[in-house]
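See structure below.
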Amino acid sequence: MRTLFLSIFFFPVFEIFILFYSISLFGWLLTFFEVFITFVLGCYLFKRNKNFFFDYISYPTKFIEFSAHSLSNNKKSFLTIIGSVLLVLPGYLSDIFGLFFIFRFTQNFFLKLLLMIVKPVNNNSSVFKE
């Protein structure tokens with residue numbers, strides 16, 4: 001829990017540090033254009049792919065059955081939605097992760113990582129057997 005808190009706290013701080021460093025390195029105009037272009041790209045990709053994802057989980061039974069099988073069938077739109085949201089956020093790290101989520105050849109890696117994290121733990125204790 002402590003590691004999660006520290007990573008949530010230091011990620012925006014590191015993003016702001018990199019943003020200010022890029023302003024001093026490239027200038028504010030190029031940094032503004034990078035942030036603006038990735039914002040527009042993220043909004044466009046979100047608008048284009050939101051119907052595929054939200055139409056799939058709009059039915060209550062499909063939301064309950066949101067499992068590894070449904071995620072792997074819907075992985076392109078799910079990871080593209082996450083990537084487009086990360087592109088909308090200003091910062092270089094979120095843009096890099098957003099582009100990784102959008103490209104098809106890296107989606108399989110992130111999907112396997114996500115399924116390892118979400119995979120339920122099999123409890124074999126005697127309390128649950130009785």
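Naming works like this for the structure tokens: A, B, ... for the chains as they're shown, residue 1 at the start of each chain, ligands 1 onward in shown order.
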
Inset, instruction - Do a neighbour search on A:Gln107 at 10 Å with only C-alpha atoms, toss out local chain neighbours closer than 6 positions, and write the hits as a list in words. - result: Lys75, Lys76, Phe78, Leu79, Thr80, Phe100, Phe101 and Leu113 of chain A

Inset, instruction - Write out as a PyMOL selection string each polymer residue whose atoms come within 12 Å of A:Ile102, counting only C-alpha atoms; drop sequence neighbours fewer than 6 positions from it. - result: chain A and resi 41-42+45-46+49+75-87+95-96+108-111

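Between atom CA of A:Phe97 and atom CA of A:Arg2 the interatomic distance comes to 22.9 Å.
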
Legend entry - Atomic separation - atom CA of A:Lys50 relative to atom CA of A:Ile37, Å: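 If I compute the distance from atom CA of A:Ile37 to atom CA of A:Lys50, I get 19.7 Å.
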
Legend entry - Proximity to A:Glu34 - best of A:Val88, A:Leu115, A:Leu4, A:Val13, only C-alpha atoms: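 Residue with the minimum atom-to-atom distance to A:Glu34: A:Val88.
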
Inset, instruction - Rounded to one decimal place, report the atom CA of A:Tyr44-atom CA of A:Ser7 distance in Å. - result: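 So the two atoms, atom CA of A:Tyr44 and atom CA of A:Ser7, lie 28.8 Å apart.
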
Inset, instruction - With a distance cut-off of 12 Å and only C-alpha atoms, select the neighbouring residues of A:Phe20, excluding the residue or stretch itself and same-chain residues fewer than 5 positions from it, and output the selection as an MDAnalysis selection string. - result: chainID A and resid 13:15 25:28 31:32 90:92
